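Enquirer: So here's final-v5.csv (CSV, C-alpha atoms).
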```
chain,number,residue,atom,x,y,z
A,5,MET,CA,19.1,-7.2,-6.5
A,6,LYS,CA,20.8,-6.8,-3.1
A,7,VAL,CA,18.7,-4.8,-0.6
A,8,HIS,CA,20.6,-2.6,1.8
A,9,TRP,CA,18.6,-2.9,5.0
A,10,MET,CA,19.0,0.0,7.4
A,11,LYS,CA,19.0,-0.7,11.2
A,12,ASP,CA,18.6,2.8,12.6
A,13,ALA,CA,15.0,4.1,12.6
A,14,ASP,CA,16.0,7.8,13.1
A,15,ALA,CA,18.5,7.6,10.3
A,16,ALA,CA,16.1,5.8,8.0
A,17,LEU,CA,13.3,8.4,8.7
A,18,ALA,CA,15.7,11.2,8.0
A,19,GLU,CA,16.9,9.7,4.8
A,20,ALA,CA,13.4,9.1,3.6
A,21,LYS,CA,12.5,12.7,4.3
A,22,THR,CA,15.6,14.0,2.6
A,23,ASN,CA,15.1,11.9,-0.5
A,24,LYS,CA,11.3,12.2,-0.5
A,25,LYS,CA,11.0,8.4,-0.6
A,26,PRO,CA,8.6,6.1,1.3
A,27,LEU,CA,10.0,4.0,4.1
A,28,LEU,CA,9.3,0.3,4.5
A,29,ILE,CA,9.8,-1.2,7.9
A,30,ASP,CA,10.0,-5.0,8.3
A,31,PHE,CA,9.2,-6.2,11.8
A,32,SER,CA,10.5,-9.6,12.4
A,33,ALA,CA,11.1,-12.2,15.1
A,34,ALA,CA,12.5,-14.8,12.8
A,35,PRO,CA,15.8,-16.4,13.7
A,36,ALA,CA,18.7,-14.7,11.9
B,16,MET,CA,14.0,2.7,1.6
B,17,PRO,CA,14.0,-0.4,3.8
B,18,LEU,CA,14.5,-0.6,7.6
B,19,GLU,CA,14.9,-3.9,9.4
B,20,ALA,CA,13.4,-4.1,12.9
B,21,HIS,CA,14.1,-7.4,14.6
B,22,ILE,CA,12.5,-7.9,18.0
B,23,LYS,CA,15.8,-9.0,19.6
B,24,GLU,CA,17.8,-6.1,18.2
B,25,HIS,CA,15.3,-3.2,18.4
B,26,PRO,CA,12.4,-4.1,20.7
B,27,ALA,CA,11.7,-0.4,21.2
B,28,TYR,CA,10.8,0.0,17.6
B,29,PHE,CA,7.9,-2.3,18.1
B,30,HIS,CA,6.4,0.1,20.7
B,31,ARG,CA,7.4,3.2,18.7
B,32,PHE,CA,5.5,2.0,15.6
B,33,ASP,CA,2.7,0.0,17.3
B,34,ALA,CA,3.8,-3.3,15.9
B,35,LEU,CA,2.2,-6.0,18.0
B,36,TRP,CA,2.7,-9.0,15.8
B,37,THR,CA,5.3,-10.5,13.4
B,38,PRO,CA,5.7,-10.4,10.6
B,39,SER,CA,4.5,-6.9,10.1
B,40,VAL,CA,5.5,-4.6,7.3
B,41,LEU,CA,4.7,-0.9,7.5
B,42,ILE,CA,4.9,1.6,4.7
B,43,LEU,CA,5.5,5.2,5.8
B,44,ASP,CA,5.4,8.3,3.6
B,45,PRO,CA,8.5,10.5,3.3
B,46,ASN,CA,7.3,12.4,6.4
B,47,GLY,CA,7.2,9.3,8.5
B,48,LYS,CA,3.4,8.9,8.6
B,49,GLU,CA,2.1,5.4,8.3
B,50,ARG,CA,0.1,4.8,5.2
B,51,HIS,CA,-0.1,1.0,4.9
B,52,ARG,CA,0.3,-2.0,7.2
B,53,ILE,CA,0.7,-5.7,6.3
B,54,GLU,CA,0.3,-8.1,9.2
B,55,GLY,CA,1.0,-11.9,9.0
B,56,TYR,CA,2.4,-14.1,6.2
B,57,LEU,CA,1.0,-13.9,2.7
B,58,PRO,CA,1.6,-15.8,-0.5
B,59,VAL,CA,4.3,-14.0,-2.6
B,60,ASP,CA,1.9,-12.4,-5.1
B,61,GLU,CA,-0.5,-11.3,-2.4
B,62,PHE,CA,2.5,-9.7,-0.5
B,63,ARG,CA,3.8,-8.0,-3.6
B,64,ALA,CA,0.4,-6.7,-4.4
B,65,GLN,CA,0.1,-5.3,-0.9
B,66,LEU,CA,3.5,-3.6,-1.2
B,67,GLU,CA,2.3,-1.9,-4.4
B,68,MET,CA,-1.0,-1.0,-2.7
B,69,GLY,CA,1.1,0.7,0.0
B,70,LEU,CA,3.1,2.7,-2.5
B,71,ALA,CA,-0.1,3.7,-4.3
B,72,ARG,CA,-1.6,4.8,-1.0
B,73,VAL,CA,1.5,7.0,-0.3
B,74,ALA,CA,1.0,8.6,-3.7
B,75,PHE,CA,-2.7,9.1,-3.2
B,76,MET,CA,-2.4,10.7,0.3
B,77,SER,CA,0.3,12.9,-1.1
B,78,LYS,CA,-2.2,14.0,-3.7
B,79,ASN,CA,-0.1,12.6,-6.5
B,80,PHE,CA,-3.2,11.2,-8.1
B,81,ALA,CA,-1.8,10.4,-11.5
B,82,ASP,CA,1.0,8.3,-9.9
B,83,ALA,CA,-1.5,6.7,-7.6
B,84,GLU,CA,-3.7,5.7,-10.5
B,85,ARG,CA,-0.7,4.2,-12.3
B,86,ARG,CA,0.3,2.2,-9.3
B,87,TYR,CA,-3.3,0.9,-8.7
B,88,ALA,CA,-3.4,0.0,-12.4
B,89,ALA,CA,-0.1,-1.9,-12.0
B,90,VAL,CA,-1.7,-4.0,-9.2
B,91,LEU,CA,-4.6,-4.9,-11.5
B,92,ASP,CA,-2.2,-5.7,-14.4
B,93,ARG,CA,0.3,-7.8,-12.4
B,94,PHE,CA,-1.8,-9.1,-9.5
B,95,GLY,CA,-5.4,-9.1,-10.9
B,96,ASN,CA,-6.2,-12.4,-9.2
B,97,THR,CA,-5.1,-11.3,-5.7
B,98,LYS,CA,-7.3,-10.2,-2.9
B,99,ALA,CA,-5.9,-6.7,-3.4
B,100,ALA,CA,-7.3,-6.3,-6.9
B,101,PRO,CA,-10.9,-5.2,-6.1
B,102,GLU,CA,-9.5,-2.5,-3.7
B,103,ALA,CA,-7.1,-1.5,-6.4
B,104,LEU,CA,-9.9,-1.2,-9.0
B,105,TYR,CA,-11.9,1.1,-6.6
B,106,TRP,CA,-9.0,3.4,-5.8
B,107,LYS,CA,-7.8,3.4,-9.4
B,108,GLY,CA,-11.1,4.9,-10.4
B,109,VAL,CA,-11.1,7.4,-7.5
B,110,SER,CA,-7.5,8.4,-8.3
B,111,HIS,CA,-8.5,9.0,-11.9
B,112,TYR,CA,-11.4,11.2,-10.8
B,113,LYS,CA,-9.2,13.1,-8.4
B,114,ALA,CA,-6.6,13.6,-11.1
B,115,THR,CA,-9.0,14.7,-13.8
B,116,ASN,CA,-12.2,15.8,-12.1
B,117,ASP,CA,-13.9,13.5,-14.7
B,118,HIS,CA,-16.7,11.8,-12.7
B,119,THR,CA,-17.7,9.5,-15.6
B,120,VAL,CA,-15.1,7.0,-14.5
B,121,LEU,CA,-16.9,6.5,-11.2
B,122,GLY,CA,-20.2,5.8,-13.0
B,123,GLU,CA,-18.5,3.0,-14.9
B,124,LEU,CA,-17.2,1.3,-11.8
B,125,PRO,CA,-20.4,-0.6,-10.8
B,126,GLU,CA,-20.5,-2.5,-14.1
B,127,LEU,CA,-16.8,-3.2,-14.0
B,128,PHE,CA,-17.2,-4.7,-10.5
B,129,ARG,CA,-20.2,-6.8,-11.7
B,130,GLN,CA,-17.9,-8.2,-14.4
B,131,LYS,CA,-14.8,-8.7,-12.4
B,132,TYR,CA,-15.3,-8.7,-8.6
B,133,PRO,CA,-19.1,-8.9,-8.0
B,134,ASP,CA,-18.8,-10.3,-4.5
B,135,SER,CA,-16.2,-7.8,-3.3
B,136,GLU,CA,-17.0,-5.4,-0.5
B,137,TRP,CA,-15.5,-2.8,-2.8
B,138,ALA,CA,-18.3,-3.5,-5.3
B,139,MET,CA,-20.8,-2.4,-2.7
B,140,LYS,CA,-19.1,0.9,-2.3
B,141,THR,CA,-19.6,1.7,-6.0
B,142,VAL,CA,-23.3,1.1,-6.1
B,143,ALA,CA,-24.1,4.8,-5.2
B,144,TRP,CA,-22.4,5.8,-8.4
B,145,GLU,CA,-24.7,3.7,-10.6
B,146,HIS,CA,-26.2,5.7,-13.5
```
Translate this structure into structure tokens?

Expert:
Amino acid sequence: MKVHWMKDADAALAEAKTNKKPLLIDFSAAPA
Amino acid sequence: MPLEAHIKEHPAYFHRFDALWTPSVLILDPNGKERHRIEGYLPVDEFRAQLEMGLARVAFMSKNFADAERRYAAVLDRFGNTKAAPEALYWKGVSHYKATNDHTVLGELPELFRQKYPDSEWAMKTVAWEH
């Protein structure tokens, strides 16, 4: 299953609130 | 809902969410409140168990106790050999109690811990409920 990773925190927080869904944030320093 | 925060692309997010180490994974509730944090690399099953623990915590703190109980049970069913399992057993019992007000489940926990996870710190926390 393809995961659609969001990049904008404010947009992600807003979408989580609108959809009443939890938000997972992955903090990484790994090379792309 | 997944958000990617790479240190080179969004360094400000690290400060905003108090992330001081990578990898870190945060699980926030729909209102943006942090409910679970995973820091450092984990084996796959330990990581998956922690993700489920995070979702269970979101449900618990939202007072969706039946959903929380179901999620903690899922951790026990699917990841019963992980480090998360004793904590899941504890909170599964508490969630059941909160959902039903049936305190007998708490009284059963000390024996369950003796059978399954006797050396867990979560076992200690159930001793007060011994019959």

Enquirer: Within 7 Å of (9.9, -4.7, 2.8) (coordinates as in the file), grab all the protein and nucleic acid residues, counting all atoms listed in the file, and write them out as a ChimeraX atom specification.

Expert: /A:28-30 /B:17,40

Enquirer: Select, from A:Ala13, A:Val7, A:Ala18, A:Leu27, the residue with the minimum atom-to-atom distance to Leu41 in chain B, counting all atoms listed in the file.

Expert: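 Of all the options, A:Leu27 lies closest to Leu41 in chain B.
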
Enquirer: Record the distance separating CA of Ala89 in chain B and CA of Ala71 in chain B, expressed in Å with one decimal.

Expert: 9.5 Å

Enquirer: Residues of chain A no more than 7 Å from chain B, counting all atoms listed in the file: send them over as number ranges by chain.

Expert: A: 9-11, 13, 16-17, 20-21, 24-33

Enquirer: Show me, as an NGL selection string, the residues that have an atom within 12 Å of Pro58 in chain B when counting all atoms listed in the file, minus same-chain residues fewer than 4 positions from it.

Expert: :B and (62-65 or 94 or 97-98)

Enquirer: Report the distance between CA of Asp33 in chain B and CA of Lys78 in chain B in Å, rounded to one decimal place.

Expert: 25.7 Å

Enquirer: Just the number, please: distance in Å from CA of Pro125 in chain B to CA of Val59 in chain B, one decimal.

Expert: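 It comes out at 29.3 Å.
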
Enquirer: With 9 Å as the threshold, what does the neighbourhood of (-2.9, -0.5, -9.8) contain in terms of residues, counting all atoms listed in the file? Coordinates are those of the file; answer as a CSV table (one decimal) with C-alpha atoms, in the frame of the given file.

Expert:
```
chain,number,residue,atom,x,y,z
B,64,ALA,CA,0.4,-6.7,-4.4
B,67,GLU,CA,2.3,-1.9,-4.4
B,68,MET,CA,-1.0,-1.0,-2.7
B,71,ALA,CA,-0.1,3.7,-4.3
B,83,ALA,CA,-1.5,6.7,-7.6
B,84,GLU,CA,-3.7,5.7,-10.5
B,85,ARG,CA,-0.7,4.2,-12.3
B,86,ARG,CA,0.3,2.2,-9.3
B,87,TYR,CA,-3.3,0.9,-8.7
B,88,ALA,CA,-3.4,0.0,-12.4
B,89,ALA,CA,-0.1,-1.9,-12.0
B,90,VAL,CA,-1.7,-4.0,-9.2
B,91,LEU,CA,-4.6,-4.9,-11.5
B,92,ASP,CA,-2.2,-5.7,-14.4
B,93,ARG,CA,0.3,-7.8,-12.4
B,94,PHE,CA,-1.8,-9.1,-9.5
B,100,ALA,CA,-7.3,-6.3,-6.9
B,103,ALA,CA,-7.1,-1.5,-6.4
B,104,LEU,CA,-9.9,-1.2,-9.0
B,106,TRP,CA,-9.0,3.4,-5.8
B,107,LYS,CA,-7.8,3.4,-9.4
```

Enquirer: Smallest atom-to-atom distance to Gly95 in chain B: which of B:Tyr56, B:Phe80, B:Tyr132, B:Tyr112, using all atoms listed in the file?

Expert: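 Among the listed residues, the smallest separation from Gly95 in chain B belongs to B:Tyr132.
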